file start.txt (compact mmCIF, C-alpha atoms and all ligand atoms)
# COMPACT_ATOMS: atom_id res chain seq x y z
CA MET B 1 58.38 -3.04 91.38
CA ILE B 2 59.64 -5.41 94.05
CA ILE B 3 57.97 -8.12 96.13
CA ASN B 4 60.04 -9.46 99.01
CA THR B 5 58.86 -13.00 99.67
CA HIS B 6 60.97 -13.58 102.79
CA ALA B 7 60.42 -11.33 105.82
CA HIS B 8 60.19 -12.21 109.51
CA ILE B 9 57.99 -10.23 111.89
CA TYR B 10 56.92 -10.59 115.53
CA PRO B 11 54.49 -8.67 117.74
CA ASP B 12 56.04 -5.49 119.19
CA LYS B 13 55.94 -6.82 122.74
CA VAL B 14 58.23 -9.79 121.98
CA ALA B 15 60.27 -8.30 119.12
CA LYS B 16 63.15 -7.09 121.29
CA THR B 17 63.60 -10.44 123.09
CA ILE B 18 63.63 -12.33 119.79
CA GLU B 19 66.06 -9.82 118.30
CA ASP B 20 68.49 -10.49 121.15
CA ILE B 21 68.23 -14.27 120.74
CA THR B 22 68.58 -14.07 116.95
CA ALA B 23 71.55 -11.71 117.16
CA GLN B 24 73.37 -14.26 119.32
CA GLN B 25 73.06 -16.79 116.52
CA PHE B 26 73.33 -14.67 113.36
CA GLY B 27 75.32 -11.69 114.58
CA PRO B 28 73.99 -8.12 114.60
CA LEU B 29 70.66 -7.72 112.83
CA TYR B 30 70.05 -5.25 110.03
CA SER B 31 66.75 -4.04 111.50
CA SER B 32 63.99 -5.00 113.94
CA PHE B 33 61.22 -7.62 113.83
CA LYS B 34 58.54 -4.96 114.34
CA VAL B 35 55.96 -4.49 111.57
CA SER B 36 56.57 -0.73 111.66
CA SER B 37 60.28 -1.32 110.88
CA LEU B 38 59.42 -3.52 107.94
CA LEU B 39 56.93 -1.00 106.53
CA GLU B 40 59.51 1.80 106.82
CA ASP B 41 62.10 -0.33 105.05
CA MET B 42 59.65 -1.24 102.28
CA ALA B 43 58.83 2.43 101.69
CA LYS B 44 62.51 3.31 101.58
CA TYR B 45 63.40 0.72 98.93
CA GLY B 46 60.20 0.67 96.85
CA ILE B 47 59.07 -2.75 97.99
CA GLU B 48 55.37 -2.94 97.27
CA THR B 49 54.59 -6.21 99.04
CA SER B 50 56.29 -8.44 101.60
CA VAL B 51 55.44 -12.03 102.40
CA VAL B 52 55.66 -12.17 106.20
CA PHE B 53 55.97 -14.94 108.74
CA CYS B 54 56.13 -15.41 112.50
CA ILE B 55 57.58 -18.84 113.28
CA ALA B 56 56.31 -20.71 116.36
CA GLU B 57 59.24 -22.33 118.16
CA ARG B 58 56.94 -24.38 120.38
CA PRO B 59 53.41 -25.73 120.05
CA ALA B 60 52.03 -23.46 122.78
CA VAL B 61 52.57 -20.29 120.74
CA VAL B 62 51.18 -21.49 117.38
CA LYS B 63 47.73 -19.96 117.81
CA ALA B 64 49.01 -16.62 119.07
CA ALA B 65 51.53 -16.40 116.20
CA ASN B 66 48.80 -17.14 113.66
CA ASN B 67 46.42 -14.66 115.29
CA PHE B 68 49.09 -12.00 114.88
CA ILE B 69 49.70 -12.85 111.20
CA ILE B 70 45.97 -12.99 110.44
CA ALA B 71 45.55 -9.56 112.02
CA VAL B 72 48.41 -7.81 110.17
CA GLN B 73 48.10 -9.34 106.72
CA ASP B 74 45.98 -7.70 104.03
CA ASN B 75 47.06 -9.83 101.03
CA LYS B 76 48.23 -6.67 99.38
CA LYS B 77 51.04 -4.93 101.21
CA LEU B 78 51.61 -7.76 103.67
CA VAL B 79 50.91 -11.31 102.57
CA GLY B 80 50.92 -13.59 105.60
CA LEU B 81 52.10 -17.15 105.96
CA GLY B 82 51.04 -19.07 109.05
CA THR B 83 53.04 -21.36 111.30
CA ILE B 84 52.41 -24.88 112.59
CA HIS B 85 54.91 -26.42 114.99
CA PRO B 86 55.40 -30.09 114.00
CA ASP B 87 54.29 -31.16 117.50
CA PHE B 88 51.13 -29.04 117.43
CA GLU B 89 48.34 -31.54 117.91
CA ASP B 90 45.39 -29.63 116.53
CA TYR B 91 47.12 -28.96 113.22
CA GLN B 92 44.18 -29.95 111.03
CA GLN B 93 41.87 -27.42 112.65
CA GLU B 94 44.56 -24.74 112.63
CA ILE B 95 45.32 -25.19 108.93
CA LYS B 96 41.61 -24.99 108.23
CA ARG B 97 41.46 -21.74 110.21
CA LEU B 98 44.42 -20.30 108.26
CA ARG B 99 42.74 -21.18 104.98
CA GLN B 100 39.45 -19.61 106.08
CA ASN B 101 41.29 -16.41 106.96
CA GLY B 102 42.89 -16.04 103.54
CA ILE B 103 46.37 -17.19 104.57
CA LYS B 104 48.29 -18.61 101.61
CA GLY B 105 50.40 -21.24 103.37
CA ILE B 106 52.88 -21.83 106.16
CA LYS B 107 56.53 -21.09 106.77
CA ALA B 108 58.45 -23.95 108.38
CA SER B 109 62.02 -23.72 109.61
CA SER B 110 64.06 -26.65 110.87
CA ILE B 111 66.40 -24.11 112.53
CA PHE B 112 63.72 -23.08 115.01
CA GLN B 113 61.41 -26.08 114.90
CA GLY B 114 63.84 -29.01 114.82
CA PHE B 115 62.32 -31.30 112.17
CA TYR B 116 63.33 -33.14 109.02
CA PRO B 117 61.09 -32.16 106.10
CA ASP B 118 60.48 -35.78 105.10
CA GLU B 119 59.62 -37.13 108.55
CA GLU B 120 56.14 -38.25 109.54
CA ARG B 121 55.30 -35.13 111.59
CA MET B 122 55.84 -33.02 108.46
CA LEU B 123 54.22 -35.41 106.01
CA ARG B 124 50.94 -35.23 107.89
CA LEU B 125 51.10 -31.42 107.66
CA CYS B 126 51.78 -31.60 103.92
CA GLN B 127 48.75 -33.84 103.51
CA GLU B 128 46.67 -31.14 105.14
CA LEU B 129 48.14 -28.31 103.04
CA GLY B 130 46.68 -29.99 99.99
CA GLU B 131 47.22 -28.50 96.57
CA ASP B 132 46.34 -24.92 97.45
CA LEU B 133 48.46 -23.93 100.46
CA ILE B 134 52.18 -23.17 100.15
CA LEU B 135 54.92 -24.79 102.23
CA TYR B 136 57.78 -22.27 102.51
CA LEU B 137 60.89 -23.98 103.88
CA HIS B 138 64.21 -22.82 105.20
CA ALA B 139 66.66 -24.89 103.15
CA GLY B 140 70.28 -25.87 103.60
CA GLU B 141 72.78 -25.05 106.31
CA GLU B 142 71.82 -23.28 109.48
CA PRO B 143 73.30 -19.79 109.27
CA GLY B 144 75.51 -18.98 112.23
CA LYS B 145 75.84 -22.70 113.02
CA PRO B 146 78.10 -24.10 110.29
CA LEU B 147 78.89 -27.19 112.35
CA ALA B 148 75.27 -28.08 113.01
CA GLU B 149 73.63 -30.73 110.90
CA ALA B 150 71.61 -29.28 108.02
CA ARG B 151 68.21 -30.85 108.47
CA THR B 152 66.33 -29.44 105.49
CA THR B 153 68.67 -30.73 102.80
CA PRO B 154 67.99 -30.65 99.04
CA GLN B 155 67.85 -34.45 99.06
CA ARG B 156 65.16 -34.53 101.75
CA ILE B 157 63.17 -31.81 99.98
CA ALA B 158 63.34 -33.92 96.80
CA ARG B 159 61.91 -36.85 98.74
CA LEU B 160 59.06 -34.64 99.96
CA LEU B 161 58.31 -33.64 96.36
CA ASP B 162 58.25 -37.32 95.35
CA LEU B 163 55.64 -37.97 98.02
CA PHE B 164 53.61 -34.79 97.34
CA PRO B 165 54.10 -33.88 93.69
CA LYS B 166 51.27 -31.33 93.75
CA LEU B 167 52.29 -29.56 96.96
CA LYS B 168 53.34 -25.94 96.39
CA VAL B 169 56.84 -25.74 97.84
CA VAL B 170 59.26 -22.83 98.19
CA ALA B 171 62.80 -23.63 99.34
CA ALA B 172 64.69 -20.58 100.60
CA HIS B 173 68.33 -19.82 99.79
CA PHE B 174 68.36 -21.17 96.21
CA GLY B 175 67.17 -24.53 97.54
CA GLY B 176 69.99 -25.02 100.04
CA LEU B 177 72.17 -22.52 101.87
CA HIS B 178 75.82 -23.45 101.24
CA MET B 179 74.67 -26.69 99.57
CA LEU B 180 74.41 -25.73 95.91
CA GLU B 181 76.11 -28.89 94.65
CA GLU B 182 73.37 -30.92 96.30
CA VAL B 183 70.75 -28.52 94.91
CA LYS B 184 72.05 -29.22 91.40
CA LYS B 185 71.93 -32.93 92.02
CA TYR B 186 68.45 -33.23 93.55
CA LEU B 187 66.34 -30.14 92.94
CA LEU B 188 67.28 -28.31 89.78
CA GLY B 189 64.37 -28.21 87.34
CA ARG B 190 61.91 -29.80 89.74
CA GLN B 191 58.49 -28.37 90.49
CA LEU B 192 59.29 -26.01 93.36
CA TYR B 193 60.31 -22.40 93.87
CA PHE B 194 63.60 -21.09 95.25
CA ASP B 195 64.18 -17.70 96.85
CA THR B 196 67.30 -15.59 96.34
CA VAL B 197 68.26 -15.01 99.98
CA TRP B 198 71.92 -15.67 100.63
CA THR B 199 74.06 -14.73 103.60
CA PRO B 200 76.26 -11.63 103.70
CA GLU B 201 79.19 -13.60 102.32
CA LYS B 202 77.10 -13.88 99.15
CA GLU B 203 79.71 -11.78 97.39
CA GLY B 204 81.71 -14.99 97.26
CA LEU B 205 79.03 -16.60 95.09
CA ASP B 206 80.00 -16.81 91.47
CA LYS B 207 77.47 -14.68 89.56
CA LYS B 208 77.72 -16.79 86.42
CA GLU B 209 77.05 -19.91 88.41
CA ILE B 210 73.99 -18.34 90.02
CA VAL B 211 72.65 -17.28 86.61
CA TYR B 212 73.24 -20.82 85.33
CA LEU B 213 71.37 -22.20 88.34
CA ILE B 214 68.44 -19.80 87.87
CA ARG B 215 68.04 -20.63 84.17
CA GLU B 216 68.52 -24.37 84.56
CA HIS B 217 65.95 -24.46 87.33
CA GLY B 218 63.53 -22.19 85.47
CA THR B 219 63.46 -18.40 85.86
CA HIS B 220 59.70 -18.60 86.44
CA LYS B 221 60.35 -20.52 89.70
CA ILE B 222 62.67 -18.02 91.44
CA LEU B 223 61.46 -15.45 94.00
CA PHE B 224 63.24 -12.39 95.33
CA GLY B 225 63.66 -12.32 99.11
CA THR B 226 65.80 -10.48 101.66
CA ASP B 227 65.27 -12.30 104.98
CA PHE B 228 64.33 -9.01 106.68
CA PRO B 229 65.38 -7.98 109.35
CA ILE B 230 68.41 -10.24 109.36
CA PHE B 231 70.08 -9.09 106.14
CA ASN B 232 70.54 -5.67 104.61
CA THR B 233 67.79 -4.86 102.10
CA LYS B 234 69.85 -2.53 99.93
CA GLU B 235 72.69 -5.06 99.65
CA GLN B 236 70.31 -7.83 98.61
CA ILE B 237 68.62 -5.64 95.97
CA GLU B 238 71.95 -4.44 94.60
CA TRP B 239 73.42 -7.93 94.51
CA PHE B 240 70.45 -9.39 92.68
CA SER B 241 70.29 -6.41 90.28
CA SER B 242 73.96 -6.91 89.42
CA LEU B 243 73.45 -10.46 88.11
CA PRO B 244 73.89 -10.78 84.35
CA LEU B 245 70.20 -11.54 83.66
CA SER B 246 67.91 -9.83 81.14
CA SER B 247 65.51 -7.17 82.38
CA GLU B 248 62.60 -9.54 81.63
CA GLU B 249 64.17 -12.22 83.81
CA LYS B 250 64.76 -9.72 86.61
CA GLU B 251 61.14 -8.55 86.47
CA MET B 252 59.96 -12.14 86.79
CA ILE B 253 62.11 -12.72 89.85
CA PHE B 254 61.59 -9.31 91.45
CA TYR B 255 57.78 -9.57 91.40
CA LYS B 256 55.97 -11.42 88.60
CA ASN B 257 56.59 -14.94 89.88
CA ALA B 258 55.54 -13.92 93.39
CA GLN B 259 52.37 -12.23 92.09
CA ARG B 260 51.40 -15.49 90.41
CA LEU B 261 52.30 -17.85 93.26
CA PHE B 262 50.83 -15.76 96.09
CA GLU B 263 47.96 -14.42 93.95
CA ILE B 264 48.82 -10.82 94.76
ZN ZN I 301 64.44 -16.43 107.02
call {"tool": "encode", "arguments": {"input": "start.txt", "output": "C-alpha cells", "more": "lines below"}}
Ligand SMILES: [Zn+2]
result
Amino acid sequence: MIINTHAHIYPDKVAKTIEDITAQQFGPLYSSFKVSSLLEDMAKYGIETSVVFCIAERPAVVKAANNFIIAVQDNKKLVGLGTIHPDFEDYQQEIKRLRQNGIKGIKASSIFQGFYPDEERMLRLCQELGEDLILYLHAGEEPGKPLAEARTTPQRIARLLDLFPKLKVVAAHFGGLHMLEEVKKYLLGRQLYFDTVWTPEKEGLDKKEIVYLIREHGTHKILFGTDFPIFNTKEQIEWFSSLPLSSEEKEMIFYKNAQRLFEI
C-alpha cells in the first residue's frame, strides 16, 4: 500500500495555465494538475491515498482554492490541505472554516508565496493552526531557481519549532532540498516530519547517506511523496524502494506514518 503525501492539484479550468507557468520554472511536467490525471496515476501505481493541495499565490484566490479542496477531498482517497496566503487578512476565520470542513492543515510554499517561515506573518498563522492542524512546508532550495535565495531553510524551520513546539510540521524534501548538511545541523531528530520528494537528479543522492538520515531523524517521521504532477511517480517509487531499508521501515514510510499523521 502507498500513500503519496505530496500532490498538487488545481481546478480543470486553470490547470493548463498553471502547467505552462510551472513548466517554465521546473521544465516539462510529468503529468497534469487535473484531479482526473492524479486519480488515473494513483490507480496505475497502486496509490491508495494522496494528500492534495492547491496553493494560493495571492490573497484574492485563497477562498476559491480552499473551496475547491473542500469539494474534492473525502479524507480517504484524497486528503486535502488548505492554503492561506500570508497576506490574507481574514486568516483566522478561514482556518476555522477549514477545520470545520475536516481539512487537516495547510500547505505553505515560499516559492509561490514569498515568505520566511519564521516571520511574523507566518507566526500568526501557526498560532491559529494550534496543536491539531498540520503545517506542510516546502523546504530548502527553490527547484529550477538554484541562484534564488532559499527562504524556507532548515535553520528557520528549527526556529519555528522552538517557538511552536507542539505545532505539527512537515518539511518537504527531507527537510531541505539541496541543503542536507543544514538539515543535519538543525533538524535531524527534532519533532517534525520530512517527505521523500527529491528532484530528478536524485540519483546523485548517496543511498547510504539517505538511509542514515532517515534513521537518525526517526523512521516514524518520514512520509513518502512524489510531488505529482511535477515528478515521475514510477521513478520516485522505484528510487525509494531501492533504498537499503528493511521492509518494516519501508511500510512505515510508504503509508503507516501518513495514516497516523493524517488520521486516514
Ligand atoms: Zn510540491
call {"tool": "atom_distance", "arguments": {"input": "start.txt", "atom1": "atom CA of Cys126 of chain B", "atom2": "atom CA of Ile18 of chain B"}}
result
27.6 Å
call {"tool": "closest_atom_pairs", "arguments": {"input": "start.txt", "of": "chain B", "to": "ligand ZN 301 (chain I)", "cutoff": "9 Å", "atoms": "all atoms listed in the file", "output": "Markdown table"}}
result
| residue | atom | partner | partner_atom | distance |
| --- | --- | --- | --- | --- |
| B:His6 | CA | I:ZN301 | ZN | 6.2 |
| B:Ala7 | CA | I:ZN301 | ZN | 6.6 |
| B:His8 | CA | I:ZN301 | ZN | 6.5 |
| B:Phe53 | CA | I:ZN301 | ZN | 8.8 |
| B:Ser109 | CA | I:ZN301 | ZN | 8.1 |
| B:Leu137 | CA | I:ZN301 | ZN | 8.9 |
| B:His138 | CA | I:ZN301 | ZN | 6.6 |
| B:Ala172 | CA | I:ZN301 | ZN | 7.6 |
| B:His173 | CA | I:ZN301 | ZN | 8.9 |
| B:Val197 | CA | I:ZN301 | ZN | 8.1 |
| B:Gly225 | CA | I:ZN301 | ZN | 8.9 |
| B:Thr226 | CA | I:ZN301 | ZN | 8.1 |
| B:Asp227 | CA | I:ZN301 | ZN | 4.7 |
| B:Phe228 | CA | I:ZN301 | ZN | 7.4 |
| B:Pro229 | CA | I:ZN301 | ZN | 8.8 |
| B:Ile230 | CA | I:ZN301 | ZN | 7.7 |
call {"tool": "atom_distance", "arguments": {"input": "start.txt", "atom1": "atom CA of His178 of chain B", "atom2": "atom CA of Thr22 of chain B"}}
result
19.7 Å
call {"tool": "closest_residue", "arguments": {"input": "start.txt", "among": "B:Arg97, B:Leu81, B:Leu243, B:Trp198", "to": "Ala139 of chain B", "atoms": "all atoms listed in the file"}}
result
B:Trp198
call {"tool": "closest_residue", "arguments": {"input": "start.txt", "among": "B:Ile103, B:Phe112, B:Glu131, B:Met252", "to": "Ile21 of chain B", "atoms": "all atoms listed in the file"}}
result
B:Phe112
call {"tool": "residues_around", "arguments": {"input": "start.txt", "residues": "Leu133 of chain B", "least_positions_apart": "4", "cutoff": "8 Å", "atoms": "all atoms listed in the file", "output": "JSON, numbers by chain"}}
result
{"B": [99, 104, 105, 106, 129, 167, 168]}
call {"tool": "closest_residue", "arguments": {"input": "start.txt", "among": "B:Tyr91, B:Tyr10, B:Phe224, B:Phe26", "to": "Asp195 of chain B", "atoms": "only C-alpha atoms"}}
result
B:Phe224
call {"tool": "closest_residue", "arguments": {"input": "start.txt", "among": "B:Leu78, B:Val51, B:Ala43, B:Val35", "to": "Lys13 of chain B", "atoms": "all atoms listed in the file"}}
result
B:Val35
call {"tool": "atom_distance", "arguments": {"input": "start.txt", "atom1": "atom CA of Leu29 of chain B", "atom2": "atom CA of Gln236 of chain B"}}
result
14.2 Å
call {"tool": "closest_residue", "arguments": {"input": "start.txt", "among": "B:Glu216, B:Asp206, B:Glu40, B:Glu119", "to": "Ser242 of chain B", "atoms": "all atoms listed in the file"}}
result
B:Asp206
call {"tool": "residues_near_point", "arguments": {"input": "start.txt", "point": "(57.7, -5.7, 119.0)", "cutoff": "9 Å", "atoms": "only C-alpha atoms", "output": "PyMOL selection string"}}
result
chain B and resi 9-18+32-36
call {"tool": "closest_residue", "arguments": {"input": "start.txt", "among": "B:Asn257, B:Lys77, B:Gly175, B:Thr152", "to": "Ile47 of chain B", "atoms": "all atoms listed in the file"}}
result
B:Lys77
call {"tool": "decode", "arguments": {"input": "start.txt", "residues": "segment 168-190 of chain B", "atoms": "C-alpha atoms", "output": "compact mmCIF listing (two decimals), in the first residue's frame"}}
result
# COMPACT_ATOMS: atom_id res chain seq x y z
CA LYS B 168 2.54 19.57 13.62
CA VAL B 169 5.09 20.35 10.92
CA VAL B 170 6.02 18.51 7.73
CA ALA B 171 9.08 19.76 5.82
CA ALA B 172 9.21 18.51 2.23
CA HIS B 173 12.37 17.26 0.51
CA PHE B 174 14.00 15.59 3.55
CA GLY B 175 13.79 18.91 5.40
CA GLY B 176 15.68 20.95 2.81
CA LEU B 177 16.10 20.48 -0.92
CA HIS B 178 19.84 20.53 -1.71
CA MET B 179 20.54 21.58 1.90
CA LEU B 180 21.08 18.28 3.68
CA GLU B 181 24.13 19.47 5.62
CA GLU B 182 21.98 22.17 7.18
CA VAL B 183 19.22 19.61 7.80
CA LYS B 184 21.69 17.51 9.77
CA LYS B 185 22.77 20.50 11.77
CA TYR B 186 19.36 21.95 12.67
CA LEU B 187 16.55 19.47 12.14
CA LEU B 188 17.67 15.88 12.49
CA GLY B 189 15.82 14.15 15.33
CA ARG B 190 13.52 17.08 16.02
